[in-house]
$ cat input39.pdb   # PDB, C-alpha atoms
ATOM      1  CA  MET A 246      22.166  53.133  68.937
ATOM      2  CA  ARG A 247      19.704  53.251  66.048
ATOM      3  CA  LEU A 248      16.964  55.814  66.369
ATOM      4  CA  LEU A 249      14.110  53.389  65.655
ATOM      5  CA  GLY A 250      15.775  50.317  67.117
ATOM      6  CA  GLY A 251      15.413  46.960  65.369
ATOM      7  CA  ARG A 252      12.849  45.750  62.882
ATOM      8  CA  GLU A 253      10.405  44.804  65.628
ATOM      9  CA  MET A 254      10.367  48.402  66.819
ATOM     10  CA  ARG A 255       9.833  49.685  63.295
ATOM     11  CA  ARG A 256       7.005  47.217  62.718
ATOM     12  CA  PHE A 257       5.429  48.221  66.003
ATOM     13  CA  LEU A 258       5.560  51.926  65.130
ATOM     14  CA  LEU A 259       4.178  51.315  61.637
ATOM     15  CA  SER A 260       1.357  49.168  63.016
ATOM     16  CA  VAL A 261       0.372  51.732  65.624
ATOM     17  CA  THR A 262       0.554  54.570  63.088
ATOM     18  CA  ALA A 263      -1.564  52.650  60.602
ATOM     19  CA  LEU A 264      -4.126  51.837  63.306
ATOM     20  CA  VAL A 265      -4.338  55.465  64.448
ATOM     21  CA  THR A 266      -4.664  56.635  60.830
ATOM     22  CA  VAL A 267      -7.461  54.160  60.118
ATOM     23  CA  LEU A 268      -9.313  55.189  63.273
ATOM     24  CA  LEU A 269      -8.991  58.881  62.418
ATOM     25  CA  LEU A 270     -10.097  58.204  58.847
ATOM     26  CA  ALA A 271     -13.121  56.269  60.110
ATOM     27  CA  VAL A 272     -14.076  59.140  62.438
ATOM     28  CA  ILE A 273     -13.688  61.686  59.624
ATOM     29  CA  VAL A 274     -15.726  59.601  57.173
ATOM     30  CA  TRP A 275     -18.439  59.042  59.783
ATOM     31  CA  SER A 276     -18.508  62.761  60.606
ATOM     32  CA  THR A 277     -18.713  63.681  56.917
ATOM     33  CA  LEU A 278     -21.506  61.207  56.205
ATOM     34  CA  ASP A 279     -23.390  62.355  59.303
ATOM     35  CA  SER A 280     -23.089  65.993  58.214
ATOM     36  CA  ILE A 281     -24.253  65.150  54.693
ATOM     37  CA  SER A 282     -27.182  63.216  56.150
ATOM     38  CA  ARG A 283     -28.150  66.210  58.300
ATOM     39  CA  ILE A 284     -27.916  68.524  55.274
ATOM     40  CA  ASN A 285     -30.162  66.149  53.296
ATOM     41  CA  ASP A 286     -32.628  66.086  56.189
ATOM     42  CA  ASP A 287     -32.576  69.892  56.348
ATOM     43  CA  MET A 288     -33.215  70.029  52.603
ATOM     44  CA  GLU A 289     -36.189  67.685  52.863
ATOM     45  CA  ARG A 290     -37.600  69.688  55.791
ATOM     46  CA  GLU A 291     -37.154  72.892  53.782
ATOM     47  CA  LYS A 292     -38.965  71.305  50.839
ATOM     48  CA  GLU A 293     -41.812  70.278  53.121
ATOM     49  CA  ARG A 294     -41.933  73.772  54.632
ATOM     50  CA  VAL A 295     -42.095  75.432  51.203
ATOM     51  CA  ILE A 296     -44.767  72.985  50.035
ATOM     52  CA  GLY A 297     -46.698  73.469  53.279
ATOM     53  CA  GLN A 298     -46.696  77.252  52.847
ATOM     54  CA  LEU A 299     -47.810  76.861  49.240
ATOM     55  CA  VAL A 300     -50.656  74.519  50.193
ATOM     56  CA  ASP A 301     -51.743  76.839  53.018
ATOM     57  CA  TYR A 302     -51.867  79.757  50.588
ATOM     58  CA  PHE A 303     -53.900  77.755  48.078
ATOM     59  CA  ASN A 304     -56.328  76.563  50.743
ATOM     60  CA  THR A 305     -56.844  80.076  52.098
ATOM     61  CA  THR A 306     -57.538  81.373  48.608
ATOM     62  CA  LEU A 307     -59.870  78.486  47.798
ATOM     63  CA  GLU A 308     -61.819  78.962  51.015
ATOM     64  CA  ALA A 309     -62.346  82.609  50.143
ATOM     65  CA  MET A 310     -63.479  81.635  46.640
ATOM     66  CA  ALA A 311     -65.804  78.979  48.043
ATOM     67  CA  ARG A 312     -67.458  81.568  50.272
ATOM     68  CA  THR A 313     -67.753  83.911  47.304
ATOM     69  CA  GLY A 314     -69.286  81.199  45.121
ATOM     70  CA  GLY A 315     -71.865  80.531  47.793
ATOM     71  CA  ASP A 316     -73.043  84.158  47.712
ATOM     72  CA  PRO A 317     -74.421  84.893  44.213
ATOM     73  CA  ALA A 318     -75.005  88.554  45.033
ATOM     74  CA  TYR A 319     -71.357  89.042  45.907
ATOM     75  CA  ALA A 320     -70.157  86.785  43.092
ATOM     76  CA  ARG A 321     -72.181  88.863  40.587
ATOM     77  CA  LYS A 322     -69.967  91.853  41.450
ATOM     78  CA  LEU A 323     -66.775  89.926  40.747
ATOM     79  CA  PHE A 324     -67.568  87.642  37.800
ATOM     80  CA  ARG A 325     -69.037  88.105  34.338
ATOM     81  CA  GLU A 326     -72.637  89.248  34.226
ATOM     82  CA  ASP A 327     -73.619  86.723  31.568
ATOM     83  CA  LEU A 328     -73.079  83.927  34.099
ATOM     84  CA  PHE A 329     -76.111  85.098  36.038
ATOM     85  CA  ALA A 330     -79.795  85.207  35.260
ATOM     86  CA  GLU A 331     -82.531  87.014  37.067
ATOM     87  CA  GLY A 332     -82.701  85.467  40.498
ATOM     88  CA  GLY A 333     -79.667  83.183  40.297
ATOM     89  CA  LEU A 334     -76.991  81.452  38.272
ATOM     90  CA  THR A 335     -77.584  80.560  34.616
ATOM     91  CA  GLY A 336     -75.881  77.236  35.256
ATOM     92  CA  SER A 337     -73.216  75.849  37.583
ATOM     93  CA  LYS A 338     -71.295  74.327  34.637
ATOM     94  CA  ALA A 339     -70.764  77.718  32.994
ATOM     95  CA  LEU A 340     -69.699  79.259  36.280
ATOM     96  CA  LEU A 341     -67.350  76.359  37.070
ATOM     97  CA  ASP A 342     -65.776  76.586  33.619
ATOM     98  CA  PHE A 343     -65.163  80.269  34.177
ATOM     99  CA  LEU A 344     -63.837  79.717  37.692
ATOM    100  CA  SER A 345     -61.543  76.882  36.638
ATOM    101  CA  THR A 346     -59.898  79.049  33.969
ATOM    102  CA  LEU A 347     -59.681  82.024  36.309
ATOM    103  CA  GLN A 348     -58.196  80.035  39.196
ATOM    104  CA  ARG A 349     -55.790  78.094  36.990
ATOM    105  CA  GLN A 350     -54.380  81.361  35.714
ATOM    106  CA  GLN A 351     -54.250  82.805  39.223
ATOM    107  CA  PHE A 352     -52.321  79.812  40.572
ATOM    108  CA  ASN A 353     -50.274  79.456  37.362
ATOM    109  CA  ALA A 354     -51.258  75.790  37.371
ATOM    110  CA  ASP A 355     -50.771  73.173  34.680
ATOM    111  CA  TYR A 356     -54.402  72.230  35.053
ATOM    112  CA  LEU A 357     -57.302  72.788  37.433
ATOM    113  CA  ALA A 358     -60.375  70.619  37.729
ATOM    114  CA  TYR A 359     -63.589  70.421  39.739
ATOM    115  CA  VAL A 360     -64.566  66.883  40.732
ATOM    116  CA  SER A 361     -67.994  65.901  42.039
ATOM    117  CA  ASN A 362     -68.812  62.359  43.131
ATOM    118  CA  GLY A 363     -66.038  60.829  41.063
ATOM    119  CA  MET A 364     -66.732  62.860  37.917
ATOM    120  CA  VAL A 365     -64.772  65.764  36.436
ATOM    121  CA  VAL A 366     -67.434  68.442  35.937
ATOM    122  CA  SER A 367     -65.087  71.203  34.804
ATOM    123  CA  MET A 368     -61.437  71.390  33.805
ATOM    124  CA  SER A 369     -59.007  73.996  32.527
ATOM    125  CA  VAL A 370     -55.591  73.067  31.072
ATOM    126  CA  ALA A 371     -52.695  75.392  30.349
ATOM    127  CA  GLU A 372     -51.969  75.935  26.693
ATOM    128  CA  GLY A 373     -49.474  73.499  25.199
ATOM    129  CA  LEU A 374     -49.929  70.786  27.847
ATOM    130  CA  ALA A 375     -51.395  67.383  27.145
ATOM    131  CA  VAL A 376     -53.466  66.641  30.250
ATOM    132  CA  GLU A 377     -56.515  64.443  29.826
ATOM    133  CA  SER A 378     -59.440  64.343  32.225
ATOM    134  CA  SER A 379     -58.675  60.651  32.779
ATOM    135  CA  GLU A 380     -55.452  61.715  34.554
ATOM    136  CA  VAL A 381     -57.346  63.744  37.155
ATOM    137  CA  PRO A 382     -57.796  61.960  40.528
ATOM    138  CA  ARG A 383     -61.434  61.154  41.169
ATOM    139  CA  HIS A 384     -61.179  61.004  44.964
ATOM    140  CA  MET A 385     -59.373  63.144  47.507
ATOM    141  CA  PRO A 386     -56.285  61.582  49.133
ATOM    142  CA  GLU A 387     -55.760  61.688  52.877
ATOM    143  CA  GLN A 388     -53.136  64.397  52.485
ATOM    144  CA  GLN A 389     -53.911  67.804  51.051
ATOM    145  CA  TYR A 390     -51.267  67.393  48.383
ATOM    146  CA  GLU A 391     -49.236  64.887  46.380
ATOM    147  CA  ILE A 392     -45.774  65.286  44.891
ATOM    148  CA  LEU A 393     -45.596  64.164  41.270
ATOM    149  CA  GLU A 394     -42.614  63.539  39.025
ATOM    150  CA  GLU A 395     -44.573  63.977  35.806
ATOM    151  CA  SER A 396     -47.369  66.251  34.644
ATOM    152  CA  GLY A 397     -48.571  67.208  31.211
ATOM    153  CA  GLY A 398     -46.006  64.966  29.554
ATOM    154  CA  ARG A 399     -43.129  66.666  31.378
ATOM    155  CA  LYS A 400     -40.672  65.344  33.934
ATOM    156  CA  GLY A 401     -39.911  67.382  37.038
ATOM    157  CA  GLN A 402     -41.286  68.245  40.465
ATOM    158  CA  PHE A 403     -44.997  69.012  40.562
ATOM    159  CA  ILE A 404     -47.383  69.587  43.454
ATOM    160  CA  SER A 405     -50.938  68.355  43.122
ATOM    161  CA  VAL A 406     -53.215  70.156  45.596
ATOM    162  CA  PHE A 407     -56.646  69.019  46.786
ATOM    163  CA  ALA A 408     -59.251  70.994  48.706
ATOM    164  CA  PRO A 409     -62.965  70.535  49.439
ATOM    165  CA  PHE A 410     -65.072  72.814  47.256
ATOM    166  CA  PRO A 411     -68.896  72.633  47.412
ATOM    167  CA  MET A 412     -70.521  72.797  43.980
ATOM    168  CA  MET A 413     -73.683  70.747  43.792
ATOM    169  CA  GLY A 414     -74.089  70.560  47.528
ATOM    170  CA  SER A 415     -73.858  66.806  48.055
ATOM    171  CA  GLY A 416     -71.314  63.976  47.969
ATOM    172  CA  GLU A 417     -67.556  64.279  47.668
ATOM    173  CA  GLU A 418     -66.813  67.538  45.881
ATOM    174  CA  PHE A 419     -63.373  69.046  45.638
ATOM    175  CA  ILE A 420     -61.033  71.081  43.510
ATOM    176  CA  THR A 421     -57.625  69.838  42.430
ATOM    177  CA  PHE A 422     -54.820  71.414  40.452
ATOM    178  CA  THR A 423     -51.158  70.827  39.732
ATOM    179  CA  VAL A 424     -48.441  73.487  39.810
ATOM    180  CA  ASP A 425     -44.926  73.168  38.438
ATOM    181  CA  ARG A 426     -42.277  73.692  41.103
ATOM    182  CA  THR A 427     -39.388  72.057  39.232
ATOM    183  CA  GLU A 428     -37.346  75.257  39.084
ATOM    184  CA  ASN A 429     -37.899  76.079  42.762
ATOM    185  CA  VAL A 430     -36.939  72.576  43.858
ATOM    186  CA  ARG A 431     -33.891  72.615  41.582
ATOM    187  CA  GLU A 432     -32.722  75.920  43.067
ATOM    188  CA  LEU A 433     -33.207  74.543  46.572
ATOM    189  CA  GLU A 434     -31.343  71.343  45.725
ATOM    190  CA  ASP A 435     -28.517  73.322  44.083
ATOM    191  CA  LEU A 436     -28.194  75.430  47.219
ATOM    192  CA  TYR A 437     -27.867  72.402  49.464
ATOM    193  CA  ARG A 438     -25.635  70.631  46.925
ATOM    194  CA  ARG A 439     -23.194  73.551  47.128
ATOM    195  CA  ASP A 440     -23.352  73.324  50.908
ATOM    196  CA  LYS A 441     -22.504  69.611  50.749
ATOM    197  CA  GLU A 442     -19.636  70.182  48.329
ATOM    198  CA  SER A 443     -18.235  72.931  50.539
ATOM    199  CA  LEU A 444     -18.598  70.690  53.586
ATOM    200  CA  VAL A 445     -16.799  67.800  51.891
ATOM    201  CA  ARG A 446     -13.929  70.079  50.835
ATOM    202  CA  ARG A 447     -13.553  71.400  54.386
ATOM    203  CA  GLN A 448     -13.751  67.895  55.818
ATOM    204  CA  VAL A 449     -11.083  66.614  53.402
ATOM    205  CA  VAL A 450      -8.667  69.434  54.270
ATOM    206  CA  ALA A 451      -9.343  69.057  57.983
ATOM    207  CA  GLY A 452      -9.154  65.270  57.729
ATOM    208  CA  VAL A 453      -5.774  65.251  55.982
ATOM    209  CA  SER A 454      -4.404  67.732  58.532
ATOM    210  CA  ILE A 455      -5.748  65.707  61.444
ATOM    211  CA  MET A 456      -4.373  62.444  60.056
ATOM    212  CA  VAL A 457      -0.910  63.940  59.492
ATOM    213  CA  VAL A 458      -0.812  65.468  62.965
ATOM    214  CA  GLY A 459      -2.257  62.306  64.495
ATOM    215  CA  ALA A 460       0.313  60.132  62.748
ATOM    216  CA  LEU A 461       3.163  62.335  63.971
ATOM    217  CA  ILE A 462       1.826  62.390  67.522
ATOM    218  CA  SER A 463       1.308  58.631  67.508
ATOM    219  CA  ILE A 464       4.837  57.986  66.194
ATOM    220  CA  LEU A 465       6.484  60.317  68.704
ATOM    221  CA  GLY A 466       4.279  59.247  71.605
ATOM    222  CA  VAL A 467       4.603  55.529  70.961
ATOM    223  CA  TYR A 468       8.334  55.847  70.367
ATOM    224  CA  TRP A 469       8.826  57.724  73.631
ATOM    225  CA  LEU A 470       6.704  55.247  75.597
ATOM    226  CA  ALA A 471       8.407  52.281  73.963
ATOM    227  CA  ARG A 472      11.867  53.687  74.667
ATOM    228  CA  LYS A 473      10.907  54.406  78.236
ATOM    229  CA  ASP A 474       9.134  51.163  79.165
ATOM    230  CA  ILE A 475      10.086  48.510  76.577
ATOM    231  CA  THR A 476      13.131  48.952  74.387
ATOM    232  CA  GLY A 477      15.030  51.019  76.955
ATOM    233  CA  PRO A 478      14.928  48.356  79.703
ATOM    234  CA  ILE A 479      15.677  45.613  77.143
ATOM    235  CA  GLU A 480      18.722  47.494  75.864
ATOM    236  CA  GLU A 481      19.861  48.011  79.448
ATOM    237  CA  ILE A 482      19.612  44.254  80.076
ATOM    238  CA  ASN A 483      21.503  43.597  76.827
ATOM    239  CA  ARG A 484      24.312  45.935  77.883
ATOM    240  CA  LYS A 485      24.611  44.277  81.265
ATOM    241  CA  ALA A 486      24.577  40.817  79.673
ATOM    242  CA  GLN A 487      27.286  41.863  77.212
ATOM    243  CA  GLY A 488      29.359  43.328  80.029
ATOM    244  CA  ILE A 489      28.989  40.169  82.112
ATOM    245  CA  MET A 490      30.052  37.991  79.166
ATOM    246  CA  GLU A 491      33.102  40.167  78.503
ATOM    247  CA  GLY A 492      33.951  40.458  82.186
ATOM    248  CA  THR A 493      33.746  44.209  82.187
ATOM    249  CA  PHE A 494      30.562  44.559  84.218
ATOM    250  CA  GLU A 495      31.122  45.514  87.827
ATOM    251  CA  GLY A 496      28.660  45.602  90.638
ATOM    252  CA  GLU A 497      25.439  43.692  91.180
ATOM    253  CA  VAL A 498      22.467  43.293  88.850
ATOM    254  CA  GLU A 499      19.457  44.811  90.557
ATOM    255  CA  VAL A 500      16.226  42.831  90.382
ATOM    256  CA  ASP A 501      13.006  44.879  90.422
ATOM    257  CA  GLU A 502      10.250  42.467  91.449
ATOM    258  CA  ARG A 503       7.572  44.873  90.168
ATOM    259  CA  SER A 504       9.052  44.869  86.658
ATOM    260  CA  ASP A 505       7.965  42.563  83.798
ATOM    261  CA  PHE A 506      11.702  42.081  83.176
ATOM    262  CA  ALA A 507      12.339  40.748  86.696
ATOM    263  CA  PRO A 508      12.964  37.146  85.455
ATOM    264  CA  LEU A 509      15.626  38.366  83.008
ATOM    265  CA  GLN A 510      17.195  40.547  85.677
ATOM    266  CA  ALA A 511      17.245  37.563  88.070
ATOM    267  CA  LEU A 512      18.812  35.396  85.362
ATOM    268  CA  LEU A 513      21.550  37.975  84.778
ATOM    269  CA  SER A 514      22.090  38.295  88.497
ATOM    270  CA  SER A 515      22.494  34.512  88.827
ATOM    271  CA  GLY A 516      24.833  34.410  85.851
ATOM    272  CA  LYS A 517      26.929  37.201  87.319
ATOM    273  CA  LYS A 518      27.237  35.321  90.614
ATOM    274  CA  ILE A 519      28.191  32.088  88.805
ATOM    275  CA  LEU A 520      30.875  33.853  86.776
ATOM    276  CA  ASP A 521      32.180  35.527  89.916
ATOM    277  CA  LYS A 522      32.449  32.138  91.700
ATOM    278  CA  MET A 523      34.214  30.628  88.696
ATOM    279  CA  GLY A 524      36.637  33.516  88.731
ATOM    280  CA  GLU A 525      37.356  32.971  92.415
ATOM    281  CA  LEU A 526      37.937  29.234  91.883
ATOM    282  CA  GLU A 527      40.382  29.920  89.094
TER     283      GLU A 527
END
$ encode --input "input39.pdb" --output "C-alpha cells"
Amino acid sequence: MRLLGGREMRRFLLSVTALVTVLLLAVIVWSTLDSISRINDDMEREKERVIGQLVDYFNTTLEAMARTGGDPAYARKLFREDLFAEGGLTGSKALLDFLSTLQRQQFNADYLAYVSNGMVVSMSVAEGLAVESSEVPRHMPEQQYEILEESGGRKGQFISVFAPFPMMGSGEEFITFTVDRTENVRELEDLYRRDKESLVRRQVVAGVSIMVVGALISILGVYWLARKDITGPIEEINRKAQGIMEGTFEGEVEVDERSDFAPLQALLSSGKKILDKMGELE
C-alpha cells in the first residue's frame, strides 16, 4: 500500500496544505501590518506629545514675558536702560525689536515676529537664513502651532508657534516664531523605524516557523483523517470487491446504513449473493 495513496490523495493533501499555508501567511501579513500601523500611530502620538510640551513651554514663557512687558518698572530692571525714558518707554518699536532678538535667541528660533492688526511691527531673523516679512502669517490660526516642511529656504520639520501678545493694546496682536525640530523628529523616526525593522524580522522568523509547523500538522492531520474516514473505507471496499471477483472472499459484506459508503457496501453484498447463487447452480 502506498503511503500517500493515489494521485487524488496527493492532490487533496497538496490542496489542503496550500490552503493552510495561504491562511497562515494572510494572518501573519495582517498581524505584521497591524503592528506596523500601531507603531506608526505611536510615533505620531509621540510627535504630538513632544510638540505639545514644546508649545506649552513657549506659551508659559511668553505669558511671563507679556506680564513683564506690561510692568515698565519691572521691565526696567531686566532690559536695557536706554529703552526707557523718564516716566515710561522711549518707544514700543525699540522695545519690541529688542524683545524679538532676545526671545528668538532664547527659543533658538529661525525667526520671531510681532504682528499687530495684520502688520509685522518687529522681526528678528537668525543669521544666515533668508526669511522675509512677507512669509510671516498675518493672522493667528485656530491651533497654537503649525508644522512646516520648509523654513528659511531649508527643508525639514519646523514648528511655527503662535501666542497672543499685547503690544499696542487693541486689535489682533500676537507673537509668532519658527523653531527647527528636524533633528529631533529624525531621531524619533529613526527610533521607531528600528522598532519596525526589528518587528518585521521577528514576524518573518515566527511566520516561517509557524507556516512550516502548520504545513506539517495539516499534512499529518489530513492524512490521518483521510485514511481513517475516506481512503481507508474505500480500500476496504476495494479489497472485498477483489476478493469477491476472485472467489476468495468468505463471509458476508456488512452494510452500515449510517455510512456514506452504504450504497457501495450494499452493491458488494448483492454481488456476493449473486455469485454465491451462481456457484450453487453450477
$ atom_distance --input "input39.pdb" --atom1 "CA of Val449 in chain A" --atom2 "CA of Asp286 in chain A"
21.7 Å
$ atom_distance --input "input39.pdb" --atom1 "CA of Ser282 in chain A" --atom2 "CA of Glu432 in chain A"
19.1 Å
$ closest_residue --input "input39.pdb" --among "A:Met456, A:Leu341, A:Ile482, A:Met385" --to "Thr262 in chain A" --atoms "all atoms listed in the file"
A:Met456
$ closest_residue --input "input39.pdb" --among "A:Val457, A:Val381, A:Val430, A:Val265" --to "Glu394 in chain A" --atoms "only C-alpha atoms"
A:Val430
$ resolve_selection --input "input39.pdb" --expression "the PyMOL selection byres ((chain A and resi 356-370) around 8)" --output "list in words"
Lys338, Leu341, Asp342, Ser345, Thr346, Gln348, Arg349, Ala354, Asp355, Ala371, Glu372, Leu374, Val376, Ser378, Val381, Arg383, His384, Met412, Met413, Gly416, Glu417, Glu418, Phe419, Ile420, Thr421, Phe422, Thr423 and Val424 of chain A
$ atom_distance --input "input39.pdb" --atom1 "CA of Arg294 in chain A" --atom2 "CA of Ser443 in chain A"
24.1 Å
$ resolve_selection --input "input39.pdb" --expression "the PyMOL selection byres ((chain A and resi 273) around 10)" --output "ChimeraX atom specification"
/A:267-272,274-279,448-449,451-453,455-456
$ residues_near_point --input "input39.pdb" --point "(0.6, 61.3, 65.7)" --cutoff "12 Å" --atoms "only C-alpha atoms" --output "list in words"
Leu258, Leu259, Val261, Thr262, Ala263, Leu264, Val265, Thr266, Leu268, Leu269, Ser454, Ile455, Met456, Val457, Val458, Gly459, Ala460, Leu461, Ile462, Ser463, Ile464, Leu465, Gly466, Val467, Tyr468 and Trp469 of chain A
$ resolve_selection --input "input39.pdb" --expression "the PyMOL selection byres ((chain A and resi 389) around 9)" --output "PyMOL selection string"
chain A and resi 300+385-388+390-391+405-408
$ closest_residue --input "input39.pdb" --among "A:Leu444, A:Val295, A:Ala486, A:Met288" --to "Ala511 in chain A" --atoms "only C-alpha atoms"
A:Ala486
$ closest_residue --input "input39.pdb" --among "A:Asp425, A:Phe410, A:Met490, A:Pro478" --to "Thr305 in chain A" --atoms "all atoms listed in the file"
A:Phe410
